[in-house]
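Shown next: run-v4.txt, containing compact mmCIF, C-alpha atoms.
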```
# COMPACT_ATOMS: atom_id res chain seq x y z
CA MET A 100 0.00 0.00 0.00
CA ARG A 101 1.29 3.49 -0.81
CA ILE A 102 1.40 5.48 2.44
CA TYR A 103 2.02 9.19 2.76
CA LEU A 104 3.52 9.55 6.23
CA ALA A 105 2.44 12.98 7.50
CA GLY A 106 3.93 14.47 10.61
CA PRO A 107 6.14 17.19 11.99
CA LEU A 108 9.71 17.03 10.72
CA PHE A 109 11.34 20.05 12.25
CA THR A 110 13.38 18.62 15.14
CA ALA A 111 15.97 15.86 15.17
CA ALA A 112 13.66 13.78 17.39
CA GLU A 113 10.73 14.18 14.99
CA ARG A 114 12.84 13.25 11.96
CA GLU A 115 14.26 10.20 13.75
CA TRP A 116 10.78 9.01 14.80
CA ASN A 117 9.54 9.44 11.22
CA ARG A 118 12.57 7.61 9.81
CA ARG A 119 12.12 4.64 12.15
CA LEU A 120 8.37 4.44 11.54
CA ALA A 121 8.87 4.60 7.76
CA ALA A 122 11.51 1.87 7.93
CA CYS A 123 9.17 -0.43 9.88
CA LEU A 124 6.28 0.17 7.48
CA ARG A 125 8.58 -0.52 4.53
CA GLU A 126 9.69 -3.77 6.15
CA ALA A 127 5.99 -4.71 6.32
CA GLY A 128 5.79 -4.25 2.54
CA HIS A 129 4.38 -0.74 2.22
CA ASP A 130 5.56 1.93 -0.21
CA VAL A 131 6.12 4.81 2.21
CA ARG A 132 6.42 8.41 1.05
CA LEU A 133 8.18 10.41 3.76
CA PRO A 134 8.31 14.16 3.07
CA GLN A 135 11.58 14.69 4.93
CA GLU A 136 13.22 12.43 2.32
CA PHE A 137 11.96 14.44 -0.67
CA PRO A 138 14.67 16.50 -2.40
CA GLU A 139 12.24 19.43 -2.36
CA ASN A 140 12.32 19.41 1.45
CA GLN A 141 16.08 19.92 1.67
CA PRO A 142 17.81 23.31 1.99
CA PRO A 143 17.69 25.72 0.31
CA PHE A 144 13.92 25.62 0.77
CA ASN A 145 11.52 26.67 -1.97
CA PRO A 146 8.04 26.79 -0.40
CA MET A 147 6.17 26.39 -3.71
CA LEU A 148 8.19 23.31 -4.68
CA ILE A 149 7.59 21.81 -1.23
CA TYR A 150 3.84 22.47 -1.49
CA ARG A 151 3.56 21.01 -5.01
CA LYS A 152 5.54 17.87 -4.17
CA ASP A 153 3.73 17.19 -0.89
CA ALA A 154 0.28 17.80 -2.43
CA LEU A 155 1.12 15.49 -5.35
CA GLU A 156 2.29 12.73 -3.02
CA VAL A 157 -0.87 13.06 -0.90
CA ARG A 158 -2.99 12.70 -4.04
CA LEU A 159 -1.04 9.63 -5.20
CA ALA A 160 -1.11 7.87 -1.84
CA ASP A 161 -3.60 5.15 -0.97
CA VAL A 162 -3.73 6.51 2.57
CA VAL A 163 -2.34 9.36 4.64
CA VAL A 164 -1.06 8.27 8.06
CA ALA A 165 -0.89 11.39 10.23
CA TRP A 166 1.01 11.87 13.49
CA LEU A 167 -1.32 14.09 15.52
CA ASP A 168 0.58 14.75 18.75
CA GLY A 169 0.61 17.98 20.69
CA PRO A 170 -2.08 20.22 22.12
CA ASP A 171 -2.43 21.65 18.61
CA PRO A 172 -1.08 19.13 16.05
CA ASP A 173 1.23 20.35 13.30
CA SER A 174 -0.76 22.49 10.85
CA GLY A 175 0.86 21.01 7.75
CA THR A 176 0.07 17.50 8.95
CA CYS A 177 -3.54 18.48 9.59
CA TRP A 178 -3.78 19.99 6.11
CA GLU A 179 -2.42 16.80 4.49
CA HIS A 180 -4.87 14.68 6.52
CA GLY A 181 -7.82 16.87 5.56
CA TYR A 182 -6.74 17.25 1.94
CA LYS A 183 -6.72 13.48 1.46
CA LEU A 184 -10.17 13.17 3.02
CA GLY A 185 -11.42 16.06 0.89
CA LEU A 186 -10.27 14.16 -2.19
CA GLY A 187 -12.41 11.22 -1.06
CA GLY A 188 -9.39 9.24 0.08
CA ARG A 189 -8.40 7.46 3.27
CA ALA A 190 -6.63 8.91 6.26
CA LEU A 191 -5.60 7.41 9.56
CA GLY A 192 -4.44 9.45 12.51
CA TYR A 193 -2.38 8.34 15.47
CA THR A 194 -1.32 9.95 18.70
CA THR A 195 1.35 9.05 21.23
CA ASP A 196 0.41 12.03 23.38
CA LEU A 197 -0.62 10.99 26.89
CA ARG A 198 -2.80 14.09 27.22
CA PHE A 199 -5.31 12.38 24.94
CA HIS A 200 -4.97 8.78 26.06
CA GLY A 201 -8.40 7.52 26.94
CA ALA A 202 -10.15 10.80 26.12
CA THR A 203 -13.65 10.22 24.85
CA ASP A 204 -15.68 13.14 26.14
CA GLY A 205 -14.76 15.59 23.38
CA LEU A 206 -13.63 18.16 25.94
CA HIS A 207 -10.21 16.68 26.61
CA ASP A 208 -9.39 15.37 23.19
CA LEU A 209 -7.93 16.41 19.89
CA ASN A 210 -9.94 18.74 17.69
CA LEU A 211 -13.19 17.05 16.69
CA MET A 212 -12.45 17.71 13.01
CA LEU A 213 -9.58 15.23 13.38
CA THR A 214 -11.23 12.69 15.67
CA LYS A 215 -14.55 12.50 13.83
CA SER A 216 -13.29 12.55 10.23
CA ALA A 217 -11.04 9.49 10.23
CA PRO A 218 -9.94 6.63 12.48
CA LEU A 219 -7.51 7.53 15.25
CA LEU A 220 -5.11 5.11 16.92
CA ARG A 221 -4.01 6.02 20.46
CA PHE A 222 -0.85 4.75 22.11
CA ASP A 223 0.33 4.80 25.71
CA SER A 224 3.64 5.59 27.38
CA ASP A 225 5.58 2.54 26.18
CA VAL A 226 5.03 3.40 22.52
CA THR A 227 7.76 2.89 19.94
CA PRO A 228 7.80 3.49 16.20
CA GLU A 229 7.80 -0.29 15.81
CA ARG A 230 4.54 -0.61 17.80
CA VAL A 231 2.91 2.18 15.82
CA ALA A 232 4.01 0.61 12.52
CA TYR A 233 2.61 -2.77 13.52
CA ALA A 234 -0.75 -1.27 14.54
CA VAL A 235 -0.95 0.83 11.35
CA HIS A 236 -0.09 -2.19 9.22
CA ILE A 237 -2.73 -4.38 10.89
CA PHE A 238 -5.35 -1.62 10.65
CA LEU A 239 -4.66 -1.05 6.95
CA GLU A 240 -4.65 -4.77 6.15
CA GLN A 241 -8.03 -5.22 7.84
CA GLY A 242 -9.51 -2.29 5.96
CA LYS A 243 -8.48 -3.26 2.43
```

structure tokens encoding of this file:
Amino acid sequence: MRIYLAGPLFTAAEREWNRRLAACLREAGHDVRLPQEFPENQPPFNPMLIYRKDALEVRLADVVVAWLDGPDPDSGTCWEHGYKLGLGGRALGYTTDLRFHGATDGLHDLNLMLTKSAPLLRFDSDVTPERVAYAVHIFLEQGK
């Protein structure tokens, strides 16, 4: 399955998480498109080239898998998630953020536009990229 792996990529920790998750999903047989690996996302940055490449890859993907951590998830990630849904495609969100673990009341959760528009996988404190990749793989295989 062709996966567009959406998520923040601005810190060394974010890029390492993304790299490990992409590697695990590739080992499971998926064709993973990771924006931080695109030549367009390397310095010197050209915002229009980045936008065009990322939007194209979202359109070509079978599914967008979006990392939705933080009290206000990364805006680019949210756009990619919503863009794929707006095209009539599939998106899957996941969070490793303990602030939202077990939240179901709508008051202590991610924005309802994210939680009500597509499935959301939640992980607890012992999460690893390997665990996320396994859960994403199983979820996608069941939903073929």

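Proximity to segment 213-216 of chain A at 9 Å, evaluated using all atoms listed in the file and with sequence-adjacent residues fewer than 6 positions away removed, yields Leu167, Cys177, His180, Gly181, Leu184, Ala190, Gly192 and Gly205 of chain A.
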
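For the set A:Thr195, A:Val164, A:Trp116, A:Ala111, the residue with the smallest atom-to-atom gap to Arg132 of chain A is A:Val164, counting only C-alpha atoms.
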
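Among A:Asp208, A:Asp153, A:Lys183, A:Gly169, the residue with the shortest atom-to-atom distance to Glu139 of chain A, counting all atoms listed in the file, is A:Asp153.
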
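With all atoms listed in the file as the atoms that count, the residue of A:Arg101, A:Gly106, A:Asn210, A:Phe238 with the shortest distance to Trp166 of chain A is A:Gly106.
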
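Counting all atoms listed in the file, the residue from A:Ser174, A:Val163, A:Met147, A:His236 that sits nearest to Ala217 of chain A is A:Val163.
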
- Message: Given all atoms listed in the file as the basis, pick out the residue of A:Glu136, A:Asp130, A:Asp196, A:Asp173 nearest to Asp161 of chain A.
- Response: A:Asp130

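Note that atom CA of Gly242 of chain A and atom CA of Pro172 of chain A are 25.1 Å apart.
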
- In Å to one decimal, how far is atom CA of Pro134 of chain A from atom CA of Leu148 of chain A? 12.0 Å

- Would you mind telling me which residue in A:Met100, A:Ile149, A:Ala105, A:Val157 lies nearest to Arg118 of chain A when using only C-alpha atoms? A:Ala105

- Task: Can you work out the spacing between atom CA of Glu240 of chain A and atom CA of Leu186 of chain A in Å, to one decimal?
- Result: 21.4 Å

- Task: Identify, on the basis of all atoms listed in the file, every residue whose closest approach to Thr194 of chain A does not exceed 8 Å; exclude the query and any residue fewer than 3 positions from it along the same chain; express the result as a PyMOL selection string.
- Result: chain A and resi 166-168+199+219-222
